[in-house]
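**Student:** Next comes work-v5.txt, compact mmCIF, C-alpha atoms and all ligand atoms:
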# COMPACT_ATOMS: atom_id res chain seq x y z
CA MET A 20 30.29 -44.84 10.67
CA LYS A 21 30.81 -41.29 9.33
CA LYS A 22 30.31 -38.77 12.10
CA ILE A 23 27.29 -36.63 11.18
CA THR A 24 28.08 -33.09 12.28
CA ARG A 25 25.37 -30.54 12.81
CA ARG A 26 26.41 -28.57 9.72
CA TYR A 27 26.44 -31.70 7.57
CA PHE A 28 23.02 -32.67 8.91
CA ASN A 29 21.52 -29.23 8.24
CA ARG A 30 23.04 -29.01 4.77
CA ARG A 31 21.74 -32.43 3.79
CA LEU A 32 18.37 -31.65 5.34
CA SER A 33 18.15 -28.39 3.41
CA GLU A 34 19.07 -30.22 0.21
CA GLY A 35 16.35 -32.75 0.81
CA LEU A 36 18.95 -35.48 0.80
CA LEU A 37 18.40 -36.80 4.26
CA GLY A 38 15.22 -38.77 3.69
CA THR A 39 16.76 -42.22 3.43
CA ALA A 40 19.65 -41.38 5.75
CA VAL A 41 17.21 -40.34 8.47
CA LEU A 42 15.28 -43.58 8.07
CA ALA A 43 18.48 -45.64 8.09
CA HIS A 44 19.74 -43.88 11.21
CA ALA A 45 16.43 -43.26 12.95
CA PRO A 46 17.87 -43.63 16.46
CA LEU A 47 20.55 -41.06 15.59
CA ALA A 48 17.98 -38.63 14.19
CA CYS A 49 15.83 -39.09 17.30
CA ALA A 50 18.82 -38.58 19.53
CA MET A 51 19.49 -35.25 17.77
CA GLY A 52 15.91 -34.42 18.68
CA GLY A 53 14.45 -30.92 18.55
CA LYS A 54 17.80 -29.15 18.36
CA GLU A 55 18.63 -30.46 14.90
CA GLY A 56 15.34 -31.04 13.18
CA GLN A 57 11.68 -30.24 13.66
CA GLY A 58 11.09 -27.37 16.03
CA ARG A 59 14.65 -26.10 15.90
CA SER A 60 15.29 -22.35 15.74
CA LEU A 61 18.12 -21.27 13.41
CA GLY A 62 20.70 -18.74 14.60
CA ILE A 63 21.00 -15.57 12.51
CA ALA A 64 24.01 -13.22 12.48
CA LEU A 65 23.31 -9.70 11.24
CA VAL A 66 26.18 -8.14 9.28
CA GLY A 67 26.04 -4.35 9.49
CA LEU A 68 24.20 -2.77 12.39
CA GLY A 69 22.81 0.32 10.71
CA SER A 70 19.30 1.60 10.66
CA TYR A 71 17.59 -1.42 9.07
CA SER A 72 19.21 -3.94 11.42
CA THR A 73 18.65 -1.72 14.47
CA TYR A 74 15.05 -0.65 13.96
CA GLN A 75 13.56 -3.49 11.91
CA LEU A 76 15.49 -6.76 11.83
CA ALA A 77 16.68 -7.09 15.43
CA PRO A 78 13.26 -6.18 16.93
CA ALA A 79 11.57 -8.58 14.48
CA LEU A 80 13.95 -11.36 15.52
CA GLN A 81 12.57 -11.14 19.07
CA ASN A 82 9.29 -12.59 17.79
CA THR A 83 10.38 -15.08 15.14
CA LYS A 84 9.48 -18.73 15.50
CA HIS A 85 12.02 -20.56 13.31
CA CYS A 86 15.07 -18.32 13.81
CA HIS A 87 16.60 -16.00 16.38
CA LEU A 88 19.27 -13.33 16.71
CA ALA A 89 22.41 -15.28 17.64
CA GLY A 90 25.28 -13.11 16.43
CA ILE A 91 26.42 -9.75 15.08
CA VAL A 92 29.13 -8.53 12.72
CA THR A 93 30.10 -4.89 13.11
CA GLY A 94 33.01 -2.51 12.69
CA SER A 95 32.07 -0.61 15.85
CA ARG A 96 33.26 -1.60 19.36
CA ALA A 97 30.58 0.65 20.85
CA LYS A 98 27.83 -1.21 18.97
CA GLU A 99 29.27 -4.56 20.09
CA GLN A 100 28.66 -3.57 23.71
CA VAL A 101 25.24 -2.02 23.19
CA TRP A 102 23.94 -4.97 21.18
CA ALA A 103 25.50 -7.59 23.45
CA SER A 104 23.76 -6.21 26.48
CA LYS A 105 20.46 -5.35 24.76
CA TYR A 106 20.08 -8.73 23.05
CA ASN A 107 22.13 -10.96 25.31
CA ILE A 108 24.60 -11.89 22.57
CA GLU A 109 27.49 -14.08 23.66
CA THR A 110 30.99 -12.66 23.13
CA LYS A 111 31.93 -15.68 21.00
CA ASN A 112 29.14 -14.73 18.56
CA ILE A 113 30.40 -11.18 17.96
CA TYR A 114 32.59 -10.56 14.89
CA ASN A 115 34.14 -7.65 13.06
CA TYR A 116 34.64 -7.35 9.30
CA GLN A 117 38.20 -8.70 9.55
CA ASN A 118 37.65 -11.85 11.63
CA PHE A 119 34.23 -12.55 10.08
CA ASP A 120 35.44 -15.66 8.19
CA THR A 121 36.06 -17.52 11.45
CA ILE A 122 32.26 -17.63 11.79
CA ALA A 123 32.70 -20.90 9.84
CA ASN A 124 33.58 -22.56 13.17
CA ASN A 125 30.56 -21.20 15.02
CA GLU A 126 27.73 -23.72 15.29
CA ASP A 127 25.39 -21.14 16.83
CA ILE A 128 25.16 -19.34 13.49
CA ASP A 129 23.19 -20.96 10.67
CA ILE A 130 22.27 -17.91 8.60
CA VAL A 131 24.24 -14.75 7.82
CA TYR A 132 22.07 -11.74 6.93
CA VAL A 133 24.00 -9.11 4.93
CA VAL A 134 22.66 -5.62 5.72
CA LEU A 135 25.57 -3.48 4.51
CA PRO A 136 25.85 -0.75 1.84
CA ASN A 137 25.06 -2.25 -1.57
CA SER A 138 28.65 -2.48 -2.83
CA MET A 139 29.51 -4.75 0.12
CA HIS A 140 26.68 -7.28 -0.42
CA ALA A 141 28.64 -9.50 -2.80
CA GLU A 142 31.80 -9.65 -0.71
CA PHE A 143 30.03 -10.56 2.52
CA SER A 144 27.47 -12.91 0.93
CA ILE A 145 30.31 -14.82 -0.73
CA ARG A 146 32.39 -14.90 2.46
CA ALA A 147 29.32 -16.16 4.36
CA ALA A 148 28.71 -18.92 1.80
CA LYS A 149 32.36 -19.96 1.94
CA ALA A 150 32.00 -20.17 5.72
CA GLY A 151 29.19 -22.70 5.13
CA LYS A 152 26.36 -20.40 6.25
CA HIS A 153 23.02 -19.88 4.56
CA VAL A 154 22.71 -16.32 3.24
CA ILE A 155 20.08 -13.61 3.22
CA CYS A 156 21.21 -10.71 1.05
CA GLU A 157 19.58 -7.30 1.26
CA LYS A 158 18.31 -5.49 -1.82
CA PRO A 159 19.69 -4.62 -4.29
CA MET A 160 21.52 -7.93 -4.54
CA GLY A 161 24.73 -6.24 -5.69
CA ILE A 162 25.86 -3.37 -7.83
CA SER A 163 26.06 -5.41 -11.06
CA VAL A 164 24.66 -8.56 -12.62
CA ALA A 165 28.18 -10.02 -12.46
CA GLU A 166 28.12 -9.65 -8.67
CA CYS A 167 24.74 -11.41 -8.49
CA ASP A 168 26.16 -14.29 -10.54
CA ALA A 169 29.14 -14.53 -8.18
CA ILE A 170 26.89 -14.70 -5.10
CA ILE A 171 24.64 -17.35 -6.64
CA GLU A 172 27.65 -19.41 -7.72
CA ALA A 173 29.31 -19.19 -4.28
CA CYS A 174 26.11 -20.38 -2.57
CA LYS A 175 25.71 -23.21 -5.07
CA ILE A 176 29.28 -24.41 -4.58
CA ALA A 177 28.96 -24.22 -0.78
CA GLY A 178 25.57 -25.99 -0.84
CA VAL A 179 23.90 -23.25 1.17
CA LYS A 180 20.54 -21.56 0.67
CA LEU A 181 20.28 -18.01 -0.63
CA GLY A 182 17.38 -15.65 -0.06
CA MET A 183 16.83 -11.98 -0.83
CA GLY A 184 15.63 -9.48 1.76
CA TYR A 185 12.46 -8.95 -0.32
CA ARG A 186 10.17 -8.86 2.72
CA LEU A 187 6.98 -8.15 0.73
CA HIS A 188 6.81 -11.70 -0.62
CA SER A 189 5.96 -12.82 2.93
CA GLU A 190 3.43 -10.02 3.45
CA PRO A 191 -0.32 -10.80 3.18
CA TYR A 192 -1.47 -7.95 0.88
CA THR A 193 1.31 -8.77 -1.58
CA GLN A 194 0.45 -12.45 -1.39
CA GLU A 195 -3.17 -11.57 -2.14
CA ILE A 196 -2.07 -9.63 -5.26
CA LYS A 197 -0.05 -12.65 -6.37
CA ARG A 198 -3.13 -14.82 -5.84
CA TYR A 199 -5.31 -12.49 -7.99
CA VAL A 200 -2.74 -12.76 -10.76
CA LYS A 201 -2.39 -16.53 -10.52
CA GLU A 202 -6.14 -17.17 -10.34
CA LYS A 203 -7.00 -14.37 -12.78
CA THR A 204 -9.53 -13.04 -10.24
CA PHE A 205 -9.88 -9.80 -12.22
CA GLY A 206 -9.03 -11.33 -15.57
CA GLU A 207 -5.95 -10.44 -17.62
CA VAL A 208 -3.81 -7.50 -16.53
CA SER A 209 -3.59 -4.91 -19.30
CA TYR A 210 -1.82 -2.08 -17.46
CA ILE A 211 0.31 -1.98 -14.32
CA MET A 212 1.58 1.14 -12.58
CA ALA A 213 4.08 0.98 -9.70
CA GLU A 214 5.66 3.81 -7.72
CA ALA A 215 8.35 3.65 -5.03
CA ALA A 216 9.93 6.90 -3.98
CA TYR A 217 10.84 9.13 -1.06
CA ARG A 218 12.28 12.60 -0.77
CA SER A 219 15.84 12.57 0.49
CA ASN A 220 17.15 15.59 2.38
CA GLY A 221 19.68 13.86 4.60
CA ASN A 222 23.43 14.09 4.98
CA PRO A 223 24.93 14.65 1.51
CA ALA A 224 27.87 12.42 2.55
CA GLN A 225 25.61 9.38 3.14
CA TRP A 226 26.57 6.19 1.26
CA ARG A 227 23.29 6.13 -0.70
CA LEU A 228 24.48 9.24 -2.58
CA ASN A 229 27.94 7.77 -3.19
CA LYS A 230 27.92 5.73 -6.40
CA ALA A 231 30.88 3.54 -5.44
CA LEU A 232 29.02 2.36 -2.32
CA SER A 233 25.42 2.40 -3.60
CA GLY A 234 25.84 1.36 -7.23
CA GLY A 235 23.16 3.89 -8.20
CA GLY A 236 20.48 6.16 -6.81
CA ALA A 237 16.70 5.97 -6.54
CA LEU A 238 16.54 3.10 -9.04
CA VAL A 239 18.65 0.63 -7.05
CA ASN A 240 17.29 1.77 -3.70
CA MET A 241 13.55 2.19 -4.33
CA GLY A 242 13.11 1.32 -8.00
CA VAL A 243 13.65 -2.35 -7.24
CA TYR A 244 10.31 -2.27 -5.39
CA SER A 245 8.47 -0.93 -8.42
CA ILE A 246 10.23 -3.45 -10.67
CA GLN A 247 9.20 -6.17 -8.23
CA SER A 248 5.58 -5.09 -7.98
CA SER A 249 5.25 -4.72 -11.77
CA ILE A 250 6.35 -8.33 -12.03
CA TYR A 251 4.27 -9.88 -9.27
CA GLY A 252 1.36 -7.65 -10.34
CA THR A 253 1.40 -9.20 -13.83
CA GLY A 254 2.95 -12.58 -13.05
CA GLU A 255 5.37 -12.06 -15.95
CA ASN A 256 8.84 -10.78 -16.63
CA PRO A 257 8.99 -7.80 -18.99
CA VAL A 258 10.23 -8.34 -22.54
CA SER A 259 11.34 -4.74 -23.05
CA VAL A 260 12.04 -1.55 -21.16
CA THR A 261 12.33 2.11 -22.16
CA ALA A 262 13.51 4.59 -19.51
CA GLN A 263 13.95 8.30 -18.79
CA GLU A 264 15.93 10.14 -16.10
CA PHE A 265 15.09 13.54 -14.56
CA SER A 266 17.34 15.73 -12.47
CA THR A 267 16.26 18.85 -10.60
CA ARG A 268 18.75 18.93 -7.68
CA PRO A 269 22.12 18.13 -9.27
CA ASP A 270 23.98 19.84 -6.40
CA TYR A 271 22.59 17.24 -3.97
CA PHE A 272 22.42 14.22 -6.31
CA LYS A 273 25.96 14.64 -7.63
CA GLU A 274 26.67 10.99 -8.47
CA THR A 275 23.39 9.12 -8.29
CA ASP A 276 20.07 9.20 -10.14
CA GLU A 277 17.35 11.37 -8.62
CA THR A 278 14.21 10.36 -10.56
CA ILE A 279 13.63 7.65 -13.14
CA THR A 280 10.54 6.58 -15.06
CA ALA A 281 10.38 3.45 -17.18
CA GLN A 282 7.86 1.60 -19.33
CA PHE A 283 7.67 -2.14 -19.66
CA GLU A 284 6.10 -4.43 -22.25
CA PHE A 285 5.00 -7.83 -20.95
CA PRO A 286 4.69 -10.98 -23.06
CA GLY A 287 0.94 -11.32 -22.39
CA GLY A 288 0.29 -7.87 -23.86
CA ALA A 289 0.23 -5.76 -20.67
CA THR A 290 2.11 -2.48 -20.51
CA GLY A 291 3.71 -1.19 -17.33
CA SER A 292 4.86 2.13 -16.00
CA ILE A 293 7.18 2.67 -13.04
CA PHE A 294 8.25 5.79 -11.17
CA THR A 295 11.09 5.93 -8.68
CA SER A 296 12.69 8.93 -7.04
CA HIS A 297 14.76 10.27 -4.16
CA ASN A 298 13.04 13.61 -4.68
CA ALA A 299 9.32 12.84 -4.17
CA ASN A 300 7.12 10.60 -2.06
CA ALA A 301 5.18 7.86 -3.87
CA ASN A 302 4.24 4.36 -2.85
CA SER A 303 1.58 2.48 -4.81
CA LEU A 304 0.61 -0.32 -7.15
CA TYR A 305 -2.36 -0.30 -9.54
CA ALA A 306 -3.39 -2.89 -12.08
CA SER A 307 -6.13 -2.50 -14.66
CA CYS A 308 -7.52 -5.84 -15.83
CA ASN A 309 -10.19 -6.86 -18.33
CA LYS A 310 -12.60 -7.78 -15.50
CA GLY A 311 -11.79 -5.08 -12.93
CA TRP A 312 -8.79 -3.66 -11.10
CA PHE A 313 -6.71 -4.05 -7.94
CA SER A 314 -4.45 -1.67 -6.07
CA LEU A 315 -2.25 -1.24 -3.02
CA LYS A 316 -1.51 2.12 -1.45
CA PRO A 317 0.84 2.07 0.34
CA ALA A 318 2.34 -0.87 -1.52
CA ASN A 319 5.88 -1.24 -0.26
CA ASN A 320 6.60 0.33 3.13
CA TYR A 321 6.83 -1.62 6.41
CA GLY A 322 3.06 -1.68 6.68
CA PRO A 323 0.33 -2.00 7.38
CA LEU A 324 -0.30 -1.83 3.64
CA ALA A 325 -3.78 -1.00 2.36
CA GLY A 326 -5.60 -2.47 -0.60
CA GLU A 327 -8.64 -1.87 -2.73
CA THR A 328 -10.10 -3.66 -5.71
CA SER A 329 -13.00 -3.12 -8.08
CA ARG A 330 -14.96 -5.38 -5.70
CA GLY A 331 -14.13 -3.36 -2.58
CA PRO A 332 -11.42 -2.91 0.03
CA ILE A 333 -9.17 -5.73 1.23
CA GLN A 334 -7.86 -5.99 4.76
CA PHE A 335 -5.42 -8.21 6.61
CA PRO A 336 -4.10 -8.09 10.18
CA HIS A 337 -0.68 -6.51 10.46
CA GLU A 338 2.44 -8.44 11.44
CA SER A 339 6.09 -7.46 11.14
CA GLN A 340 7.05 -8.11 7.52
CA GLN A 341 10.64 -8.80 8.57
CA LYS A 342 9.48 -11.41 11.08
CA LEU A 343 7.42 -13.17 8.41
CA GLN A 344 10.26 -12.96 5.88
CA MET A 345 12.96 -14.40 8.16
CA ASP A 346 10.65 -17.13 9.43
CA ASP A 347 9.79 -18.05 5.84
CA PHE A 348 13.48 -18.36 4.94
CA ALA A 349 14.30 -20.39 8.07
CA SER A 350 11.34 -22.62 7.36
CA HIS A 351 12.62 -23.11 3.81
CA ILE A 352 15.92 -24.36 5.25
CA LEU A 353 14.37 -26.49 7.98
CA TYR A 354 11.34 -27.93 6.22
CA GLY A 355 11.89 -27.39 2.50
CA THR A 356 9.03 -24.93 2.15
CA GLU A 357 9.10 -22.36 -0.65
CA ASN A 358 12.01 -19.94 -0.90
CA ARG A 359 9.83 -16.93 -1.59
CA ALA A 360 12.66 -14.66 -2.74
CA PRO A 361 15.52 -16.75 -4.14
CA GLY A 362 18.79 -15.29 -5.40
CA GLU A 363 17.68 -15.66 -9.00
CA MET A 364 14.98 -13.05 -8.32
CA GLY A 365 17.60 -10.59 -7.11
CA LYS A 366 19.71 -11.23 -10.21
CA ARG A 367 16.71 -10.78 -12.54
CA ASP A 368 15.95 -7.40 -10.97
CA MET A 369 19.56 -6.33 -11.43
CA ILE A 370 19.36 -7.30 -15.13
CA ILE A 371 16.35 -4.98 -15.41
CA VAL A 372 18.16 -2.23 -13.48
CA GLU A 373 21.11 -2.46 -15.88
CA ALA A 374 18.73 -2.38 -18.88
CA ILE A 375 17.06 0.77 -17.49
CA TYR A 376 20.42 2.50 -17.09
CA GLN A 377 21.36 1.33 -20.59
CA SER A 378 18.15 2.76 -22.06
CA ILE A 379 18.86 6.13 -20.43
CA ALA A 380 22.51 6.11 -21.54
CA GLU A 381 21.46 5.32 -25.11
CA GLY A 382 18.96 8.18 -25.42
CA ASN A 383 15.86 6.37 -24.09
CA ARG A 384 16.20 3.52 -26.54
CA LYS A 385 13.91 0.51 -26.06
CA ILE A 386 15.97 -2.37 -24.63
CA ALA A 387 14.83 -5.93 -25.27
CA LEU A 388 14.89 -8.31 -22.30
CA ASP A 389 15.14 -12.08 -22.53
CA LEU A 390 14.37 -13.21 -18.97
CA GLY A 391 12.09 -16.16 -19.63
CA LYS A 392 10.71 -17.29 -16.29
CA MET A 393 13.77 -16.18 -14.29
CA GLY A 394 12.85 -15.47 -10.68
CA LEU A 395 9.14 -16.25 -11.25
CA VAL A 396 9.29 -19.84 -10.09
CA SER A 397 10.01 -20.16 -6.39
CA GLU A 398 12.48 -22.74 -5.12
CA SER A 399 11.61 -25.54 -2.78
CA ASN A 400 13.27 -28.82 -2.00
P1 LIG B 1 22.68 2.28 7.15
O1 LIG B 1 23.52 3.34 6.56
O2 LIG B 1 21.75 2.67 8.24
O3 LIG B 1 23.61 1.10 7.73
C1 LIG B 1 24.72 0.63 7.03
C2 LIG B 1 25.65 -0.10 7.99
O4 LIG B 1 26.80 -0.51 7.27
C3 LIG B 1 26.13 0.79 9.15
O5 LIG B 1 26.09 0.04 10.33
C4 LIG B 1 27.56 1.12 8.76
O6 LIG B 1 28.39 1.30 9.89
C5 LIG B 1 27.96 -0.15 8.01
N1 LIG B 1 29.09 0.08 7.10
C6 LIG B 1 30.14 -0.76 6.97
N2 LIG B 1 30.99 -0.28 6.06
C7 LIG B 1 30.50 0.88 5.62
C8 LIG B 1 30.95 1.84 4.68
N3 LIG B 1 32.08 1.69 4.00
N4 LIG B 1 30.17 2.93 4.47
C9 LIG B 1 29.01 3.09 5.11
N5 LIG B 1 28.53 2.20 6.02
C10 LIG B 1 29.28 1.10 6.27
O7 LIG B 1 21.91 1.57 5.96
P2 LIG B 1 20.60 0.69 6.06
O8 LIG B 1 19.41 1.55 5.82
O9 LIG B 1 20.61 -0.15 7.26
O10 LIG B 1 20.76 -0.20 4.72
C11 LIG B 1 21.62 -1.33 4.68
C12 LIG B 1 21.18 -2.26 3.56
O11 LIG B 1 19.87 -2.71 3.83
C13 LIG B 1 21.12 -1.61 2.18
O12 LIG B 1 21.54 -2.51 1.21
C14 LIG B 1 19.67 -1.28 1.98
O13 LIG B 1 19.27 -1.28 0.62
C15 LIG B 1 19.02 -2.40 2.74
N6 LIG B 1 17.69 -2.02 3.28
C16 LIG B 1 16.64 -2.81 3.01
C17 LIG B 1 15.40 -2.49 3.49
C18 LIG B 1 14.22 -3.39 3.21
O14 LIG B 1 13.11 -2.98 3.48
N7 LIG B 1 14.45 -4.59 2.72
C19 LIG B 1 15.23 -1.34 4.24
C20 LIG B 1 16.33 -0.56 4.52
C21 LIG B 1 17.57 -0.91 4.03
Spell out the structure here as structure tokens.
**Tutor:**
Amino acid sequence: MKKITRRYFNRRLSEGLLGTAVLAHAPLACAMGGKEGQGRSLGIALVGLGSYSTYQLAPALQNTKHCHLAGIVTGSRAKEQVWASKYNIETKNIYNYQNFDTIANNEDIDIVYVVLPNSMHAEFSIRAAKAGKHVICEKPMGISVAECDAIIEACKIAGVKLGMGYRLHSEPYTQEIKRYVKEKTFGEVSYIMAEAAYRSNGNPAQWRLNKALSGGGALVNMGVYSIQSSIYGTGENPVSVTAQEFSTRPDYFKETDETITAQFEFPGGATGSIFTSHNANANSLYASCNKGWFSLKPANNYGPLAGETSRGPIQFPHESQQKLQMDDFASHILYGTENRAPGEMGKRDMIIVEAIYQSIAEGNRKIALDLGKMGLVSESN
């Protein structure tokens, strides 16, 4: 009989292909018990131990139910020691950027979470997929649509799951907005406004201001949130975009965009307006509908978010968004539940990002988009 390795078992389980095999080999499945199936916690390796991994993801992984922090990938020997002692990480689960590919042989690691500068997302997501690991890729998915395609293809070929680090899809206020849209609680959306911006004063040498590493400025960093909320706030992909760029601090923003506004047309007739900037603070979502309105302010920080509708305020208890997001992805792998932020969603947003830059480059010309339902339909087994 073919030896069923843990990786094979997980892969088949995640593909929904184990049903009959499990029945046929029930004693084997039982023998694998909690470690392999129901109740198992998946091991995550964080790649890149910068601010987001340090202050959000690693603390969140102390409270997750379906996954845990099992490994790290870093270019810093000092961080290896600090993280190993703080989080009790075994030496065999610590990698650098050079020996990372040998993670393929490490059965403690099921998921690789890529938390590097944007231009490194594609390389490490693809290397992770080739190593047979499921992948979570931070936003923006890459620095071009071509990179997004390459990541999606690599994950498909390897038979691994791919999720975006779009934490808000696991967050209760955002889920409530999606419910309003689906159930038409306030009727049809006729106008959506989304802002995502912060004022940057930091080190001018930071990678976010370096186009080769970031792929762009405010738009790729914060604008993806306003693109996202325009889409889940209407339930549709835009059919056109027209965009404008503004620059007031060219000495600081030498290579990357400072402020961008854009207007969307949606197939159902709604219009949308987004604002993103590295030169101002803004964080909101507002939708005007034919039977009322709904809004979130703040709409996209780490929470707690706050919401109000034409029927009154909405309130949900606060939980770490990153905890909810990583548990949702692990649960998708283990139990075939919804992949709330599949790779296709990251690619769709990058198509819109490229169209916005194209509109600006071509004198604010309206750019037609042909996205169909891309990224709107969640994946499950
Ligand atoms: P950061 O600058 O704090 O960390 C980046 C890490 O990458 C550092 O550990 C750095 O050492 C490492 N690195 C490796 N090669 C590098 C290079 N050539 N240049 C610079 N750094 C290099 O950044 P961050 O805020 O942790 O962001 C990392 C990623 O996470 C980005 O893609 C960002 O968009 C994303 N992010 C997502 C969220 C979210 O809410 N989903 C929040 C913050 C950041």
**Student:** Hey, can you check how far CA of Cys86 in chain A sits from CA of Gly62 in chain A?
**Tutor:**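 Going from CA of Cys86 in chain A over to CA of Gly62 in chain A, I get 5.7 Å.
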**Student:** Hey, can I get the axis-aligned box for range 306-318 of chain A? All listed atoms, 4 Å padding on each side, centre and edge lengths in Å to one decimal, as JSON.
**Tutor:**
{"center_x": -5.1, "center_y": -2.8, "center_z": -9.0, "size_x": 22.9, "size_y": 17.9, "size_z": 26.7}
**Student:** Around (24.9, 5.6, -2.8) in the file's frame, which residues reach within 10 Å when counting only C-alpha atoms? Return as a list in words?
**Tutor:** Pro136, Asn137, Ser138, Ala224, Gln225, Trp226, Arg227, Leu228, Asn229, Lys230, Ala231, Leu232, Ser233, Gly234, Gly235, Gly236, Ala237, Val239, Asn240, Phe272, Glu274, Thr275 and Asp276 of chain A
**Student:** Give me the residues within 6 Å of range 139-152 of chain A as a ChimeraX atom specification, counting only C-alpha atoms and dropping any in the same chain fewer than 5 places off.
**Tutor:** /A:123,129-130,161,166,170,173-174,177
**Student:** I'd like the neighbourhood of Leu65 in chain A as a ChimeraX atom specification, where a residue qualifies if any of its atoms comes within 8 Å (using all atoms listed in the file), though same-chain residues fewer than 6 positions away should be ignored.
**Tutor:** /A:72,88,90-92,131-134
**Student:** Suppose you want the space between atom O8 of ligand LIG 1 (chain B) and CA of Gly252 in chain A; what is it in Å?
**Tutor:** 25.9 Å
**Student:** A:Val243, A:Ala301, A:Ile279, A:Ala325: which is nearest Glu190 in chain A, counting all atoms listed in the file?
**Tutor:** A:Ala325
**Student:** Show which residues sit within 9 Å of Ile108 in chain A, as an NGL selection string. Count only C-alpha atoms, and ignore same-chain residues fewer than 3 positions away.
**Tutor:** :A and (88-91 or 102-105 or 111-113)
**Student:** Write out the residues from the selection above, keeping C-alpha atoms, as a CSV table (one decimal), in the frame of the given file.
**Tutor:**
chain,number,residue,atom,x,y,z
A,88,LEU,CA,19.3,-13.3,16.7
A,89,ALA,CA,22.4,-15.3,17.6
A,90,GLY,CA,25.3,-13.1,16.4
A,91,ILE,CA,26.4,-9.8,15.1
A,102,TRP,CA,23.9,-5.0,21.2
A,103,ALA,CA,25.5,-7.6,23.4
A,104,SER,CA,23.8,-6.2,26.5
A,105,LYS,CA,20.5,-5.4,24.8
A,111,LYS,CA,31.9,-15.7,21.0
A,112,ASN,CA,29.1,-14.7,18.6
A,113,ILE,CA,30.4,-11.2,18.0
**Student:** Nearest to ligand LIG 1 (chain B) among A:Tyr199, A:Tyr321, A:Phe313, A:Tyr305, with distances taken over all atoms listed in the file: which residue is it?
**Tutor:**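 Of A:Tyr199, A:Tyr321, A:Phe313, A:Tyr305, the one nearest ligand LIG 1 (chain B), counting all atoms listed in the file, is A:Tyr321.
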**Student:** Just how far from CA of Tyr116 in chain A is CA of Asp347 in chain A, in Å to one decimal?
**Tutor:**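 These two atoms are separated by 27.3 Å.
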**Student:** With distances taken over only C-alpha atoms, which residue among A:Val101, A:Ile63, A:Lys203, A:Leu187 lies nearest Val154 in chain A?
**Tutor:**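 Closest residue, counting only C-alpha atoms: A:Ile63.
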**Student:** Do you know which residues are at most 8 Å from Gly182 in chain A counting all atoms listed in the file, after dropping those on the same chain fewer than 3 positions away, and could you put them as number ranges by chain?
**Tutor:** A: 154-156, 348, 358-362
**Student:** Might you pull out every residue within 10 Å of Thr193 in chain A, with all atoms listed in the file counted and same-chain residues fewer than 6 positions away left off, and present them as number ranges by chain?
**Tutor:** A: 186-187, 199, 248, 251-252, 315, 318-319, 324, 326
**Student:** Using all atoms listed in the file for the distances, tell me which of A:Met241, A:Cys308, A:Ala216, A:Ile128 is nearest to ligand LIG 1 (chain B).
**Tutor:**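 Checking each candidate against ligand LIG 1 (chain B), we get A:Met241 as the closest.
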**Student:** Compare A:Asn320, A:Asn298, A:Ser303, A:Thr121 by their minimum atom-to-atom distance to Gln340 in chain A, counting all atoms listed in the file, and give me the closest one.
**Tutor:**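 Using all atoms listed in the file, Gln340 in chain A sits closest to A:Asn320.
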**Student:** Using all atoms listed in the file, pick whichever of A:Leu68, A:Ala77, A:Val258, A:Ala97 has the shortest atom-to-atom distance to ligand LIG 1 (chain B).
**Tutor:**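 Of A:Leu68, A:Ala77, A:Val258, A:Ala97, the one nearest ligand LIG 1 (chain B), counting all atoms listed in the file, is A:Leu68.
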